[in-house]
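Below is one structure, written out as structure tokens, with a few remarks after it.
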Amino acid sequence: MDTLDLVWIDVGALDAVPRQGARVVKTAKGDLAIFRTLDDAVFAIDDRCPHKGGPLSQGIVHGHAVTCPLHNWVIDLDSGEAAAPDRGCVRRVPARLEDGRILILAS
Amino acid sequence: MNIYAPGRERLIVIGNGMAGMRTVEELLKRNPGRYDITVFGAEPHVNYDRIMLSSVLAGEKALDQIVINAREWYDRNGIALRTNDPIVAIDRAAKTVTAASGLVEPYDRLLLATGSRPLAPSIPGLHLPGVCAFRDIADVETMISASQRHKRAIVIGGGLLGLEAANGLSKRGMRVAVVHLMDTLMERQLDPEAARLLQRELDERGINFFTNGQTDEVLGTDRVEGVRLADGREIPGDLVVMAIGIRPNIDLARSAGLLVNRGVAVGDDMRTSDPCIFAVGECVEHRSKTYGLVAPIWEMAKVCADHLAGGEDTVSDYVGTVLATRLKVTGIDLFSAGDFTGDETTEEIVFRDPARQIYKRLVVREDRLVGVVLYGDARDGAWYFQLMGTAEPLGELRDAIIFGQAFAGGKEADPAALVAALPAEAQICGCNGVCKGAIMAGIAEHKLTTLEGVRAHTKASASCGSCTSQVEQLLVLALGEGYAKPAGVKPLCKCTSLGHDQVRAEILAQALKSIPAVMQALGWANDDGCHVCRPALNFYLLVAWPGVYRDDAQSRFVNERMHANIQKDGTYSVVPRMWGGLTSAKELRAIADVVDKFDIPTVKVTGGQRIDLLGVKREQLPAVWRDLNAAGMVSGHAYGKALRTVKTCVGSEWCRFGTQDSTAMGVALEKMSWGSWHPHKVKLAVSGCPRNCAEATIKDFGVIAVESGWELHAGGNGGIKVRVTDFLCKVETEAEVLEYCAAFLQLYREEARYLERTAPWIERVGIEHVRERVVADAESRQALNRRFLDSQRFFQDDPWAEDAPSAPASGAFRTLATVE
Ligand code: SRM
Ligand SMILES: Cc1cc2nc3c(=O)[nH]c(=O)nc-3n(C[C@H](O)[C@H](O)[C@H](O)COP(=O)(O)OP(=O)(O)OC[C@H]3O[C@@H](n4cnc5c(N)ncnc54)[C@H](O)[C@@H]3O)c2cc1C
Ligand code: SF4
Ligand code: FES
């Protein structure tokens, strides 16, 4: 894809998401979880655990990872992969910060 | 050989290891004067406990603690010990052995106990400094010194040995990767499900796994720098431990012309193909089997000693050993034995408790137990192993066997009672084959009072140590409270090596008042911890510093953050408080209105005497609460490690048997204690007479009214493992009930570990301790009561009201944005 075609969508202020926390963005493809880690990095992944669909946005955030609230799978926010020995992957959506606003890439 | 000749026969032992010296010990017991004994050992040490190298590596034992026989023992028994001097040749015609030092010694009988060698794959790079095996003291010294200078270790092999190496290195502060050829760990001892639980637990302790990993090359120029796998993955590392298996050490026997296959071939009498030469231990092959654990070795040693001590007509046969395996990693409870894979002729009985990470699989063939795998709770290992050994038909036992001896035997589920109930012939120590009767006899005969004493005299728990708790229970059984036990510590989580109690003590000692402060002061491995430690620390801090510590919502499990129980579809359930189980038309009407207004799919009466609204969407929660609040209802904390319900019966107000107003008492207790946070959930109940309709004797704190006052009971549990309360004391007034209850709850809050309910806490500390602090010592009780009430000033508010729709915190319930 030509980079000029990339469209970043503003989904809210960084301040609207607590550190070590997450908020939900509704999209046509289902809920997207927007994470803010301790070091103020932001991530966007599907709000559905690869295990049994648990809402990852409601999990405990530690490092660049979240623990699913239903059965404690640990999902890596950088890669979207479940930590071993569990296997599975969550769809990631590129996200970045600009002037205190969270932007995600439209697809 | 002429047994009438003057002078003694000469016995030479090749190998100063576990099998050789155990055989000599057994021989000395039977016939101490028969031989002049000379022992040649390749290692520069006296006889030590190889099994315990894992504990030395993990820092749990020092080298001098694993010596089995010191020099003094050899001297006392007239044994000539030549360490650091391996035998290089046997001349069977001349009946002599030649040592590396050049010494030539004649023998009448020879005992081969050369053990085994670590397997080395044929891959490049094994010669590099920083590559070692895990077999002897030298290897452990290599690993310990590497751990002091380097950061990353790679263990090749995910079997018993490899995992114990990985655990030890990780406890020494190294980042450890384990490369394993197979899909699951310890595949020869564990079925895939238990293996997965084990892998997850080790993973949580920070060990990384590369399963299906074939190591192709050890990388590095002057020193090892890592390994490359067949699929191209490269893992960096400064230490590589090869633990892919062992091979019997047979070179010497082969060049002496003895019959060898995989190991040195021996008959049931432990003789090799040369009748003057015996062999024992890992170097032998018996009935086409070789062994890599000590239990069979001890049996071989006895048979071999019978033959060495007796004449040619001795009858004593070694017939092989059924093996049981335990993993010596502190805090991991794992047991496997027999044929646990099963086939079309077997049936399986499986028990899973994912919440407590317990898994048990029993394999039954023709009504007999033939295999077992236990993970998470291996207390019944010895019992199952014994059932396998006797091979009796299970009969009626079959229905309950999976729940363990306590349940199946109809006895109390208390480990002490369990051990007490075992028959004298039940095997306690699998490594050394010591049964309960032998241990009890040893304790009585030698007046033993310590674990070390039992180990020295009976060998029980002297090898791998996993039967330690049972041996301790036998000590308690024999000595009563006269036995004081030493304690080991399980780390709180993979971020720290400190246990719960240590962390709590430091929080107070160093006045640590926030999660980051704790993590920094105590050297946490990860910047913001993990989902295991953060909720625990949050709780410890709010108990230590009520009113000062600021609760960290992000460190709470979702239910406590959302003040509602998450359901499997991501919706929530809402349970308003109904004081003592009482409700009214107004409350019921408000509930009905809420159900209609928000279209709530399910309404259910709970087991806790109140009403559950299930299937509420996250966005609806604040509005649902607002409407319930408006009718005077508050959160029931059905979601929290907190005070849950106070169940009551109707009591003297209506019931013809009621002795006191149990309902009002329950309401008063709930009004006092609601909103309080605890290590785990807490449930109370008050019954109006001993018929006990409120089931008070399976509650954390139960009150039963009698004519002359109130009986107080504590530590009950109606959940996974039912436990009846212990009787605490009897009091006369309602005010006393409140005071004792508050004191009890505060003691639990201050002393129990996070996620430990009152039942296991009391099992651990003993009801006497609670009685002392809450009943006997009035000052202590009043102080606890005061601290509880003081803390309640800060915590007794309704989280639903705080998160009403208008509150800023309610962002958690709303959607951040909607994009098309
Ligand atoms: C709703 C209720 C069942 C019902 O429909 O009646 C219930 C529902 C749940 N129980 Fe329970 N328990 C309920 C009464 C009980 C009782 C009976 C009682 O309290 O008298 C017990 C046995 C008594 C006891 O605790 O000793 C009980 C023993 C458990 C256990 C096992 C606890 C244990 O120590 O072994 C769990 C698992 C846990 O806590 O880890 C559990 C866990 C759960 C959870 C929280 C499971 C979960 O994590 O999702 C369920 C939440 C459902 C929800 O979202 O509402 N529930 N649960 C009851 C709520 C009572 C209330 O009003 O708050
Ligand atoms: C780290 C570790 C943990 C273990 N954990 C367990 C456990 O939990 N449970 C369990 O049941 N088993 C365990 N084992 C296995 C157990 O230690 C062995 O089964 C047992 O030590 C074997 O005894 P052995 O006498 O046959 O061999 P060894 O104890 O190895 O003794 C053989 C000795 O012979 C010496 N030798 C070899 N060749 C010569 C020669 N030519 N001349 C002179 N001396 C020679 C060797 O140097 C060695 O000292 C563990 C092993 C290790 C390494
Ligand atoms: S506990 Fe006793 S008083 Fe209470 S309802 Fe039951 S029978 Fe009646
Ligand atoms: S749904 Fe996420 S761990 Fe089960």
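Starting from 1 in every chain, residues are counted up; chains themselves are A, B, ... following the order of the structure tokens, and ligands are numbered from 1 as listed.
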Residues of chain A near chain B: apply a cut-off of 8 Å, count only C-alpha atoms, and supply the list as a PyMOL selection string.
-> chain A and resi 11-12+16+19-21+23-28+38+53-55+58-63+67+69-70+84-85
So which residues touch His446 of chain B within 8 Å, counting only C-alpha atoms, skipping near sequence neighbours fewer than 3 positions away, as a ChimeraX atom specification?
-> /B:442-443,457
Residues within 10 Å of Ile90 of chain B, only C-alpha atoms, excluding chain neighbours under 2 positions, as a PDB file with N, CA, C and O atoms, in the first residue's frame:
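The resulting file, out-v3.pdb, is reproduced below:
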ATOM      1  N   ILE B  87      39.888 -46.236  38.130  1.00  0.00           N
ATOM      2  CA  ILE B  87      40.416 -47.502  37.625  1.00  0.00           C
ATOM      3  C   ILE B  87      40.404 -47.442  36.103  1.00  0.00           C
ATOM      4  O   ILE B  87      39.402 -47.030  35.503  1.00  0.00           O
ATOM      5  N   VAL B  88      41.541 -47.875  35.494  1.00  0.00           N
ATOM      6  CA  VAL B  88      41.609 -47.811  34.035  1.00  0.00           C
ATOM      7  C   VAL B  88      41.587 -49.191  33.390  1.00  0.00           C
ATOM      8  O   VAL B  88      41.335 -49.318  32.193  1.00  0.00           O
ATOM      9  N   ARG B  92      40.966 -59.807  34.532  1.00  0.00           N
ATOM     10  CA  ARG B  92      40.148 -60.818  35.181  1.00  0.00           C
ATOM     11  C   ARG B  92      40.907 -62.111  35.435  1.00  0.00           C
ATOM     12  O   ARG B  92      40.627 -62.832  36.392  1.00  0.00           O
ATOM     13  N   ALA B  93      41.891 -62.397  34.584  1.00  0.00           N
ATOM     14  CA  ALA B  93      42.668 -63.627  34.768  1.00  0.00           C
ATOM     15  C   ALA B  93      43.533 -63.504  36.019  1.00  0.00           C
ATOM     16  O   ALA B  93      43.548 -64.381  36.881  1.00  0.00           O
ATOM     17  N   ALA B  94      44.190 -62.353  36.157  1.00  0.00           N
ATOM     18  CA  ALA B  94      45.069 -62.152  37.312  1.00  0.00           C
ATOM     19  C   ALA B  94      44.302 -61.673  38.529  1.00  0.00           C
ATOM     20  O   ALA B  94      44.838 -61.620  39.640  1.00  0.00           O
ATOM     21  N   LYS B  95      43.017 -61.302  38.337  1.00  0.00           N
ATOM     22  CA  LYS B  95      42.188 -60.724  39.392  1.00  0.00           C
ATOM     23  C   LYS B  95      42.839 -59.499  40.020  1.00  0.00           C
ATOM     24  O   LYS B  95      43.048 -59.424  41.237  1.00  0.00           O
ATOM     25  N   THR B  96      43.179 -58.554  39.149  1.00  0.00           N
ATOM     26  CA  THR B  96      43.719 -57.281  39.631  1.00  0.00           C
ATOM     27  C   THR B  96      43.033 -56.124  38.899  1.00  0.00           C
ATOM     28  O   THR B  96      42.474 -56.305  37.818  1.00  0.00           O
ATOM     29  N   VAL B  97      43.096 -54.959  39.538  1.00  0.00           N
ATOM     30  CA  VAL B  97      42.673 -53.734  38.853  1.00  0.00           C
ATOM     31  C   VAL B  97      43.849 -52.771  38.818  1.00  0.00           C
ATOM     32  O   VAL B  97      44.719 -52.792  39.698  1.00  0.00           O
ATOM     33  N   THR B  98      43.870 -51.913  37.782  1.00  0.00           N
ATOM     34  CA  THR B  98      44.934 -50.925  37.659  1.00  0.00           C
ATOM     35  C   THR B  98      44.309 -49.537  37.680  1.00  0.00           C
ATOM     36  O   THR B  98      43.338 -49.279  36.950  1.00  0.00           O
ATOM     37  N   ALA B  99      44.848 -48.692  38.545  1.00  0.00           N
ATOM     38  CA  ALA B  99      44.316 -47.332  38.659  1.00  0.00           C
ATOM     39  C   ALA B  99      45.120 -46.381  37.788  1.00  0.00           C
ATOM     40  O   ALA B  99      46.236 -46.707  37.354  1.00  0.00           O
ATOM     41  N   VAL B 104      48.385 -51.073  41.251  1.00  0.00           N
ATOM     42  CA  VAL B 104      47.724 -52.324  40.870  1.00  0.00           C
ATOM     43  C   VAL B 104      47.292 -53.023  42.152  1.00  0.00           C
ATOM     44  O   VAL B 104      48.096 -53.187  43.065  1.00  0.00           O
ATOM     45  N   GLU B 105      46.003 -53.392  42.227  1.00  0.00           N
ATOM     46  CA  GLU B 105      45.490 -54.003  43.448  1.00  0.00           C
ATOM     47  C   GLU B 105      44.811 -55.329  43.124  1.00  0.00           C
ATOM     48  O   GLU B 105      44.032 -55.400  42.166  1.00  0.00           O
ATOM     49  N   PRO B 106      45.076 -56.361  43.923  1.00  0.00           N
ATOM     50  CA  PRO B 106      44.387 -57.632  43.692  1.00  0.00           C
ATOM     51  C   PRO B 106      43.007 -57.637  44.352  1.00  0.00           C
ATOM     52  O   PRO B 106      42.782 -56.914  45.312  1.00  0.00           O
ATOM     53  N   LEU B 110      34.898 -58.105  43.077  1.00  0.00           N
ATOM     54  CA  LEU B 110      34.964 -56.754  42.521  1.00  0.00           C
ATOM     55  C   LEU B 110      33.529 -56.231  42.397  1.00  0.00           C
ATOM     56  O   LEU B 110      32.621 -56.977  42.016  1.00  0.00           O
ATOM     57  N   LEU B 252      34.845 -49.527  30.949  1.00  0.00           N
ATOM     58  CA  LEU B 252      35.770 -50.371  31.696  1.00  0.00           C
ATOM     59  C   LEU B 252      35.327 -51.840  31.634  1.00  0.00           C
ATOM     60  O   LEU B 252      36.127 -52.751  31.377  1.00  0.00           O
ATOM     61  N   ALA B 253      34.034 -52.071  31.816  1.00  0.00           N
ATOM     62  CA  ALA B 253      33.501 -53.435  31.806  1.00  0.00           C
ATOM     63  C   ALA B 253      33.671 -54.055  30.426  1.00  0.00           C
ATOM     64  O   ALA B 253      34.017 -55.225  30.294  1.00  0.00           O
ATOM     65  N   ARG B 254      33.412 -53.253  29.407  1.00  0.00           N
ATOM     66  CA  ARG B 254      33.534 -53.797  28.050  1.00  0.00           C
ATOM     67  C   ARG B 254      34.971 -54.204  27.770  1.00  0.00           C
ATOM     68  O   ARG B 254      35.228 -55.297  27.269  1.00  0.00           O
ATOM     69  N   SER B 255      35.937 -53.321  28.121  1.00  0.00           N
ATOM     70  CA  SER B 255      37.318 -53.692  27.787  1.00  0.00           C
ATOM     71  C   SER B 255      37.815 -54.837  28.657  1.00  0.00           C
ATOM     72  O   SER B 255      38.773 -55.519  28.306  1.00  0.00           O
ATOM     73  N   ALA B 256      37.121 -55.097  29.779  1.00  0.00           N
ATOM     74  CA  ALA B 256      37.495 -56.257  30.587  1.00  0.00           C
ATOM     75  C   ALA B 256      36.835 -57.526  30.043  1.00  0.00           C
ATOM     76  O   ALA B 256      37.011 -58.616  30.604  1.00  0.00           O
ATOM     77  N   GLY B 257      36.054 -57.389  28.976  1.00  0.00           N
ATOM     78  CA  GLY B 257      35.451 -58.565  28.358  1.00  0.00           C
ATOM     79  C   GLY B 257      34.194 -59.052  29.049  1.00  0.00           C
ATOM     80  O   GLY B 257      33.734 -60.170  28.803  1.00  0.00           O
TER      81      GLY B 257
END
How close does each residue of chain B get to ligand 2, giving the shortest atom pair and distance in Å to one decimal for every residue with an atom at most 6 Å away, counting only C-alpha atoms and all ligand atoms, sorted by chain and residue number, as a Markdown table?
| residue | atom | partner | partner_atom_place_in_ligand_line | distance |
| --- | --- | --- | --- | --- |
| B:Ile14 | CA | ligand 2 | 43 (C) | 4.8 |
| B:Gly15 | CA | ligand 2 | 34 (O) | 3.3 |
| B:Asn16 | CA | ligand 2 | 33 (C) | 5.0 |
| B:Gly17 | CA | ligand 2 | 31 (O) | 3.2 |
| B:Met18 | CA | ligand 2 | 25 (O) | 3.8 |
| B:Ala19 | CA | ligand 2 | 25 (O) | 3.5 |
| B:Gly20 | CA | ligand 2 | 25 (O) | 5.4 |
| B:Phe40 | CA | ligand 2 | 43 (C) | 4.9 |
| B:Gly41 | CA | ligand 2 | 44 (N) | 3.8 |
| B:Ala42 | CA | ligand 2 | 44 (N) | 3.9 |
| B:Glu43 | CA | ligand 2 | 47 (O) | 4.9 |
| B:Arg50 | CA | ligand 2 | 17 (O) | 4.5 |
| B:Ile51 | CA | ligand 2 | 4 (C) | 3.7 |
| B:Leu53 | CA | ligand 2 | 1 (C) | 4.9 |
| B:Ser54 | CA | ligand 2 | 1 (C) | 4.9 |
| B:Pro86 | CA | ligand 2 | 42 (N) | 3.4 |
| B:Ile87 | CA | ligand 2 | 42 (N) | 4.1 |
| B:Val88 | CA | ligand 2 | 41 (N) | 5.8 |
| B:Ala113 | CA | ligand 2 | 25 (O) | 5.4 |
| B:Thr114 | CA | ligand 2 | 34 (O) | 3.8 |
| B:Gly115 | CA | ligand 2 | 27 (O) | 3.2 |
| B:Ser116 | CA | ligand 2 | 30 (O) | 5.8 |
| B:Phe134 | CA | ligand 2 | 53 (C) | 5.6 |
| B:Arg135 | CA | ligand 2 | 53 (C) | 3.9 |
| B:Leu161 | CA | ligand 2 | 1 (C) | 5.9 |
| B:Gly281 | CA | ligand 2 | 26 (O) | 3.4 |
| B:Glu282 | CA | ligand 2 | 26 (O) | 3.8 |
| B:Cys283 | CA | ligand 2 | 26 (O) | 5.8 |
| B:Gly292 | CA | ligand 2 | 19 (O) | 4.4 |
| B:Leu293 | CA | ligand 2 | 11 (O) | 3.4 |
| B:Val294 | CA | ligand 2 | 11 (O) | 3.8 |
| B:Ala295 | CA | ligand 2 | 11 (O) | 5.6 |
| B:Cys431 | CA | ligand 2 | 11 (O) | 5.4 |
| B:Cys464 | CA | ligand 2 | 8 (O) | 4.5 |
Residues within 7 Å of ligand 1, counting only C-alpha atoms and all ligand atoms, as a PyMOL selection string | chain B and resi 355+565-567+572-573+575+604-612+614+636+638-639+644-645+681+683+698-699+716-721+757
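Using only C-alpha atoms and all ligand atoms as the basis for the distance check, residues found within 9 Å of ligand 3 are Thr648, Cys649, Val650, Gly651, Ser652, Glu653, Trp654, Cys655, Arg656, Phe657, Gly658, Thr659, Gln660, Asp661, Ser662, Thr663, Val686, Ser687, Gly688, Cys689, Pro690, Arg691, Asn692, Cys693, Ala694, Glu695, Ile704 and Ala705 of chain B.
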